[in-house]
file upload_12.cif (mmCIF, C-alpha atoms)
data_run
loop_
_atom_site.label_atom_id
_atom_site.label_comp_id
_atom_site.auth_asym_id
_atom_site.auth_seq_id
_atom_site.Cartn_x
_atom_site.Cartn_y
_atom_site.Cartn_z
CA MET A 392 0.00 0.00 0.00
CA TYR A 393 1.11 3.56 -0.82
CA TRP A 394 -0.61 6.85 -0.27
CA LYS A 395 -1.66 10.08 -1.93
CA ASP A 396 -1.76 13.22 0.24
CA THR A 397 -3.85 16.14 -1.03
CA TYR A 398 -3.48 19.59 0.57
CA GLU A 399 -6.48 21.71 -0.45
CA PHE A 400 -6.41 25.49 -0.90
CA LEU A 401 -8.89 27.98 -2.33
CA ASN A 402 -7.61 27.87 -5.92
CA SER A 403 -5.03 25.09 -5.93
CA ASN A 404 -4.12 21.69 -4.49
CA ASP A 405 -0.73 20.25 -3.55
CA ILE A 406 -0.57 16.53 -4.27
CA GLU A 407 2.11 14.14 -3.05
CA TYR A 408 2.45 10.42 -3.82
CA LYS A 409 4.76 8.52 -1.49
CA TRP A 410 5.76 4.90 -1.75
CA GLU A 411 8.75 2.53 -1.58
CA GLY A 412 11.62 2.96 -4.01
CA LYS A 413 10.65 -0.05 -6.13
CA TYR A 414 8.65 1.24 -9.11
CA GLY A 415 8.77 1.47 -12.89
CA ALA A 416 10.17 -1.59 -14.65
CA LYS A 417 9.25 -4.90 -13.10
CA GLY A 418 12.01 -6.29 -10.94
CA GLU A 419 13.76 -2.98 -10.46
CA LYS A 420 15.67 -3.03 -7.19
CA ARG A 421 14.86 -0.74 -4.33
CA GLN A 422 17.27 2.19 -4.10
CA LYS A 423 19.97 1.91 -1.46
CA LYS A 424 19.79 4.28 1.47
CA LYS A 425 22.67 6.71 1.86
CA LYS A 426 23.73 8.71 4.86
CA ALA A 427 22.93 12.39 4.36
CA THR A 428 25.66 14.94 4.98
CA PRO A 429 25.01 17.87 7.37
CA GLU A 430 24.76 20.20 4.35
CA GLN A 431 22.19 17.95 2.68
CA ILE A 432 20.16 17.71 5.88
CA LYS A 433 20.27 21.52 6.12
CA LYS A 434 18.95 21.85 2.56
CA GLN A 435 16.17 19.32 3.22
CA ASN A 436 15.10 21.14 6.39
CA GLN A 437 15.15 24.44 4.50
CA TRP A 438 12.91 22.97 1.79
CA LYS A 439 10.44 21.69 4.41
CA LYS A 440 10.34 25.09 6.14
CA GLU A 441 9.70 26.88 2.86
CA ARG A 442 6.93 24.43 1.94
CA GLU A 443 5.34 24.87 5.38
CA VAL A 444 5.24 28.66 5.06
CA TRP A 445 3.98 28.50 1.46
CA ARG A 446 1.02 26.42 2.63
CA LYS A 447 0.31 28.73 5.57
CA ILE A 448 0.20 31.68 3.20
CA ARG A 449 -2.20 29.93 0.82
CA TRP A 450 -4.52 28.80 3.62
CA ASN A 451 -4.74 32.20 5.29
CA PHE A 452 -4.00 35.01 2.83
CA TYR A 453 -5.43 36.13 -0.49
CA GLU A 454 -4.83 38.52 -3.34
CA GLY A 455 -5.12 42.06 -2.02
CA ASP A 456 -3.68 41.27 1.41
CA LEU A 457 -0.45 43.08 2.19
CA TRP A 458 3.29 42.34 2.11
CA THR A 459 4.71 45.09 4.30
CA THR A 460 8.21 46.16 5.30
CA LEU A 461 8.64 48.14 8.52
CA THR A 462 11.91 50.05 8.71
CA PHE A 463 13.70 52.32 11.16
CA PRO A 464 15.51 55.56 10.30
CA GLU A 465 18.99 55.01 8.85
CA GLY A 466 21.62 54.53 11.52
CA THR A 467 19.16 53.26 14.16
CA ARG A 468 20.71 50.67 16.46
CA MET A 469 18.84 48.82 19.16
CA SER A 470 18.84 45.37 20.71
CA LEU A 471 16.69 42.56 19.43
CA GLN A 472 14.80 42.59 22.73
CA GLU A 473 13.87 46.23 22.13
CA ILE A 474 12.68 45.34 18.64
CA LYS A 475 10.54 42.49 19.99
CA LYS A 476 9.01 44.79 22.60
CA ILE A 477 8.10 47.30 19.89
CA MET A 478 6.54 44.54 17.76
CA THR A 479 4.53 43.14 20.70
CA ASN A 480 3.03 46.59 21.25
CA PHE A 481 2.44 47.03 17.50
CA TRP A 482 0.54 43.73 17.22
CA GLN A 483 -1.53 44.51 20.32
CA ASN A 484 -2.66 47.81 18.77
CA MET A 485 -3.44 46.16 15.43
CA ARG A 486 -5.34 43.31 17.12
CA ARG A 487 -7.53 45.78 19.04
CA ALA A 488 -8.27 47.74 15.85
CA TYR A 489 -9.27 44.55 14.01
CA LYS A 490 -11.40 43.36 16.93
CA LYS A 491 -13.41 46.61 16.83
CA ARG A 492 -14.32 45.68 13.25
CA GLY A 493 -15.24 42.15 14.28
CA LYS A 494 -12.27 40.71 12.36
CA GLN A 495 -9.31 38.51 13.26
CA LEU A 496 -5.77 39.72 12.70
CA LEU A 497 -3.59 37.24 10.79
CA TRP A 498 0.12 37.73 10.26
CA ILE A 499 3.46 36.14 9.43
CA MET A 500 6.65 38.02 10.37
CA ARG A 501 10.37 37.79 9.70
CA ILE A 502 12.89 40.09 11.38
CA GLU A 503 15.80 40.69 9.00
CA ILE A 504 19.30 42.08 9.49
CA GLY A 505 20.38 44.28 6.60
CA LYS A 506 23.83 44.53 5.02
CA LYS A 507 24.78 47.48 7.20
CA GLY A 508 23.50 45.84 10.39
CA GLY A 509 20.18 47.65 10.49
CA ILE A 510 17.10 45.63 11.44
CA HIS A 511 13.84 45.79 9.50
CA ILE A 512 10.68 43.72 9.70
CA HIS A 513 8.80 41.96 6.90
CA ILE A 514 5.16 41.05 7.52
CA ILE A 515 2.29 39.46 5.62
CA ILE A 516 -1.01 40.74 7.03
CA ASN A 517 -4.65 40.22 6.10
CA LYS A 518 -6.40 43.31 4.81
CA ILE A 519 -9.82 44.33 6.18
CA ARG A 520 -12.35 46.67 4.65
CA GLY A 521 -13.55 49.94 6.10
CA GLU A 522 -12.01 53.13 7.40
CA PRO A 523 -9.30 53.55 8.43
CA ALA A 524 -7.81 51.12 5.91
CA THR A 525 -5.36 48.45 7.03
CA SER A 526 -2.48 50.41 5.50
CA GLU A 527 -3.52 53.49 7.51
CA LEU A 528 -3.65 51.46 10.72
CA ILE A 529 -0.13 50.13 10.11
CA GLN A 530 1.19 53.65 9.46
CA ARG A 531 -0.60 54.97 12.56
CA TYR A 532 1.03 52.43 14.88
CA TRP A 533 4.45 52.46 13.20
CA LYS A 534 5.03 56.15 12.32
CA LYS A 535 6.84 56.92 15.58
CA HIS A 536 9.37 54.17 14.80
CA GLY A 537 10.11 54.76 11.12
CA TYR A 538 8.81 54.07 7.64
CA VAL A 539 6.44 51.65 5.93
CA ASN A 540 6.38 50.10 2.46
CA PHE A 541 3.33 48.21 1.10
CA THR A 542 2.88 45.73 -1.74
CA PRO A 543 -0.47 43.98 -2.44
CA LEU A 544 -0.24 40.19 -2.67
CA TYR A 545 -0.76 38.38 -5.95
CA GLU A 546 -1.39 34.66 -5.71
CA ASP A 547 0.01 33.48 -9.04
CA GLY A 548 3.63 32.63 -8.27
CA ASP A 549 3.95 35.38 -5.69
CA PHE A 550 3.13 33.26 -2.64
CA ARG A 551 5.94 30.81 -3.40
CA ARG A 552 8.46 33.65 -3.74
CA LEU A 553 7.31 35.13 -0.43
CA ALA A 554 7.70 31.78 1.32
CA ASN A 555 11.22 31.53 -0.07
CA TYR A 556 12.06 35.04 1.11
CA ILE A 557 10.56 34.62 4.60
CA THR A 558 12.45 31.38 5.22
CA LYS A 559 15.76 32.22 3.54
CA PRO A 560 18.82 31.39 5.66
CA LEU A 561 20.65 34.18 7.44
CA PRO A 562 23.69 35.31 5.35
CA ASP A 563 27.16 34.32 6.48
CA GLU A 564 28.94 37.17 8.26
CA ASN A 565 31.95 36.48 6.04
CA GLU A 566 29.86 37.23 2.97
CA ASP A 567 30.74 40.53 1.33
CA GLY A 568 28.71 43.35 2.89
CA TYR A 569 27.45 41.38 5.89
CA GLU A 570 30.39 41.94 8.25
CA GLN A 571 28.04 43.71 10.70
CA LEU A 572 26.48 40.34 11.52
CA SER A 573 29.50 39.59 13.69
CA LEU A 574 28.21 42.22 16.14
CA PHE A 575 25.11 40.15 16.89
CA THR A 576 25.08 37.36 19.47
CA PRO A 577 24.38 33.76 18.38
CA GLU A 578 20.98 34.02 20.10
CA GLU A 579 20.10 37.18 18.17
CA LYS A 580 21.17 35.66 14.88
CA LYS A 581 19.07 32.58 15.61
CA GLU A 582 16.03 34.80 16.29
CA CYS A 583 16.58 36.54 12.93
CA SER A 584 16.98 33.28 11.03
CA THR A 585 13.39 32.12 11.45
CA TYR A 586 9.84 33.45 11.15
CA SER A 587 6.98 33.87 13.60
CA CYS A 588 3.23 34.04 13.04
CA SER A 589 -0.07 34.68 14.78
CA LYS A 590 -1.40 31.65 16.65
CA ASN A 591 -4.76 31.77 14.86
CA LEU A 592 -3.44 30.83 11.41
CA VAL A 593 -5.34 27.96 9.82
CA THR A 594 -3.40 24.77 9.05
CA LYS A 595 -4.91 21.55 7.76
CA GLU A 596 -3.97 17.91 7.59
CA PRO A 597 -3.93 16.46 4.06
CA GLU A 598 -6.66 14.20 2.76
CA ARG A 599 -5.03 10.79 2.49
CA LYS A 600 -5.93 7.93 0.15
CA LYS A 601 -4.18 4.57 -0.19
CA TYR A 602 -3.12 3.04 -3.50
CA TYR A 603 -1.68 -0.23 -4.71
CA ARG A 604 1.73 -0.33 -6.39
CA TRP A 605 0.38 -1.06 -9.86
CA THR A 606 -1.78 2.07 -9.71
CA VAL A 607 1.23 4.22 -8.86
CA ARG A 608 3.31 2.65 -11.64
CA LYS A 609 0.53 3.54 -14.07
CA ILE A 610 0.56 7.16 -12.85
CA ILE A 611 4.32 7.34 -13.34
CA LYS A 612 4.08 5.89 -16.83
CA ASN A 613 1.17 8.01 -18.09
CA GLY A 614 1.59 11.09 -15.91
CA PRO A 615 -0.81 12.35 -13.23
CA GLU A 616 -4.35 13.39 -14.14
CA PRO A 617 -5.72 16.66 -12.75
CA THR A 618 -8.88 16.82 -10.68
CA PRO A 619 -11.86 17.95 -12.83
CA GLY A 620 -11.89 21.76 -12.96
CA TYR A 621 -8.11 21.99 -12.45
CA TYR A 622 -4.96 21.87 -14.57
CA ILE A 623 -1.49 20.71 -13.49
CA ASP A 624 1.27 23.31 -13.31
CA PRO A 625 3.97 21.57 -15.40
CA GLU A 626 6.77 23.37 -13.57
CA SER A 627 5.58 21.94 -10.25
CA VAL A 628 5.92 18.26 -11.20
CA VAL A 629 8.77 16.60 -9.31
CA CYS A 630 9.37 12.85 -9.44
CA GLY A 631 12.27 10.79 -8.15
CA VAL A 632 13.79 8.70 -5.39
CA ASN A 633 15.05 10.13 -2.12
CA LYS A 634 18.56 8.68 -2.07
CA TYR A 635 18.77 9.04 1.70
CA THR A 636 15.56 7.17 2.56
CA GLY A 637 15.31 4.93 -0.52
CA LEU A 638 11.66 6.02 -0.95
CA SER A 639 10.18 7.29 -4.19
CA TYR A 640 7.95 10.34 -4.53
CA LEU A 641 5.85 12.34 -6.95
CA ARG A 642 4.76 15.91 -6.18
CA TYR A 643 2.83 18.48 -8.16
CA THR A 644 0.42 21.41 -7.84
CA GLU A 645 -2.88 21.65 -9.68
CA ILE A 646 -4.58 25.01 -10.20
CA ARG A 647 -8.29 25.81 -10.41
CA ILE A 648 -9.29 26.81 -13.95
CA LYS A 649 -11.95 29.29 -12.78
CA PRO A 650 -10.54 30.91 -9.60
CA LEU A 651 -12.83 31.45 -6.64
CA GLU A 652 -12.99 34.70 -4.69
CA ARG A 653 -12.34 35.00 -0.98
CA GLY A 654 -15.39 33.77 0.91
CA ASP A 655 -16.61 31.45 -1.87
CA SER A 656 -17.26 27.94 -0.66
CA GLY A 657 -17.39 26.23 -4.04
#
call {"tool": "encode", "arguments": {"input": "upload_12.cif", "output": "structure tokens"}}
result
Amino acid sequence: MYWKDTYEFLNSNDIEYKWEGKYGAKGEKRQKKKKATPEQIKKQNQWKKEREVWRKIRWNFYEGDLWTTLTFPEGTRMSLQEIKKIMTNFWQNMRRAYKKRGKQLLWIMRIEIGKKGGIHIHIIINKIRGEPATSELIQRYWKKHGYVNFTPLYEDGDFRRLANYITKPLPDENEDGYEQLSLFTPEEKKECSTYSCSKNLVTKEPERKKYYRWTVRKIIKNGPEPTPGYYIDPESVVCGVNKYTGLSYLRYTEIRIKPLERGDSG
């Protein structure tokens, strides 16, 4: 028995087939397991983190929501603890403003260290209707600290790029232009190497179905079929054998032909 995991989103599905390494031609031997190097494990963990954030974005945010960068005046220097205190206060103010409208505040945040050692904050935030607008609320609660830049979200390809950006590894302090990183403690650099998010973000378990080996071999031979009403993004199709586990896999994303709007249940 092997399985198919389907992660459902508003206008797309992620589909993953997982099974033992023996597939394709009859009698083909299972792939040998190999011991992963620390660098390979690091890359695998990075991929998983990026995939996790990409799914969180697609479950909770939509076109028109905001990708926002909060910056401080040039030359500002403060500890990471001071930054975190400022952000705690910022989110409390935003949460209260949303609550008055009867809405939940959703966010994903990454604190980033710039080339010159300055800290700025990237956030994805859900946009609500009414006055003052979400952008005005952000400016109201951030203006005493610095500047704000807004970019509306676009789902087609944009969400994947954002997930990559939010989860990107912290640069090496020996890299040209990043010498200022050496001034930060290991704890501070660790804090700036990951993301945080509001606790109310929706996450879902995949729908799982079991398949027999011959069914999976047929899918490999003929290619996967999209769900009715969807088409498969050809650039998303990845098939192979994990040389460290010996297990085979097939992954792809299918996209809804007629996109739904936020709030549609169909």
call {"tool": "residues_around", "arguments": {"input": "upload_12.cif", "residues": "segment 430-444 of chain A", "least_positions_apart": "2", "cutoff": "12 Å", "atoms": "only C-alpha atoms", "output": "NGL selection string"}}
result
:A and (398 or 405 or 425-428 or 446-452 or 498-501 or 515 or 550-561 or 584-588 or 592-596 or 633-636 or 642)
call {"tool": "atom_distance", "arguments": {"input": "upload_12.cif", "atom1": "atom CA of Lys476 of chain A", "atom2": "atom CA of Lys507 of chain A"}}
result
22.2 Å
call {"tool": "resolve_selection", "arguments": {"input": "upload_12.cif", "expression": "the PyMOL selection byres ((chain A and resi 598) around 9)", "output": "PyMOL selection string"}}
result
chain A and resi 395-399+596-597+599-600
call {"tool": "write_last_selection", "arguments": {"input": "upload_12.cif", "atoms": "C-alpha atoms", "output": "PDB file, in the coordinates of the input"}}
result
ATOM      1  CA  LYS A 395      -1.660  10.080  -1.930  1.00  0.00           C
ATOM      2  CA  ASP A 396      -1.760  13.220   0.240  1.00  0.00           C
ATOM      3  CA  THR A 397      -3.850  16.140  -1.030  1.00  0.00           C
ATOM      4  CA  TYR A 398      -3.480  19.590   0.570  1.00  0.00           C
ATOM      5  CA  GLU A 399      -6.480  21.710  -0.450  1.00  0.00           C
ATOM      6  CA  GLU A 596      -3.970  17.910   7.590  1.00  0.00           C
ATOM      7  CA  PRO A 597      -3.930  16.460   4.060  1.00  0.00           C
ATOM      8  CA  ARG A 599      -5.030  10.790   2.490  1.00  0.00           C
ATOM      9  CA  LYS A 600      -5.930   7.930   0.150  1.00  0.00           C
TER      10      LYS A 600
END
call {"tool": "resolve_selection", "arguments": {"input": "upload_12.cif", "expression": "the PyMOL selection byres ((chain A and resi 484-489) around 10)", "output": "MDAnalysis selection string"}}
result
chainID A and resid 478:483 490:497 518:519 523 525 528:529 531:532
call {"tool": "closest_residue", "arguments": {"input": "upload_12.cif", "among": "A:Thr462, A:Ile646, A:Tyr602, A:Pro617", "to": "Lys409 of chain A", "atoms": "only C-alpha atoms"}}
result
A:Tyr602
call {"tool": "atom_distance", "arguments": {"input": "upload_12.cif", "atom1": "atom CA of Ile516 of chain A", "atom2": "atom CA of Asp456 of chain A"}}
result
6.2 Å
call {"tool": "closest_residue", "arguments": {"input": "upload_12.cif", "among": "A:Leu461, A:Lys601, A:Ile477, A:Phe400", "to": "Val539 of chain A", "atoms": "all atoms listed in the file"}}
result
A:Leu461
call {"tool": "residues_around", "arguments": {"input": "upload_12.cif", "residues": "segment 627-630 of chain A", "least_positions_apart": "4", "cutoff": "8 Å", "atoms": "only C-alpha atoms", "output": "PyMOL selection string"}}
result
chain A and resi 623+639-644
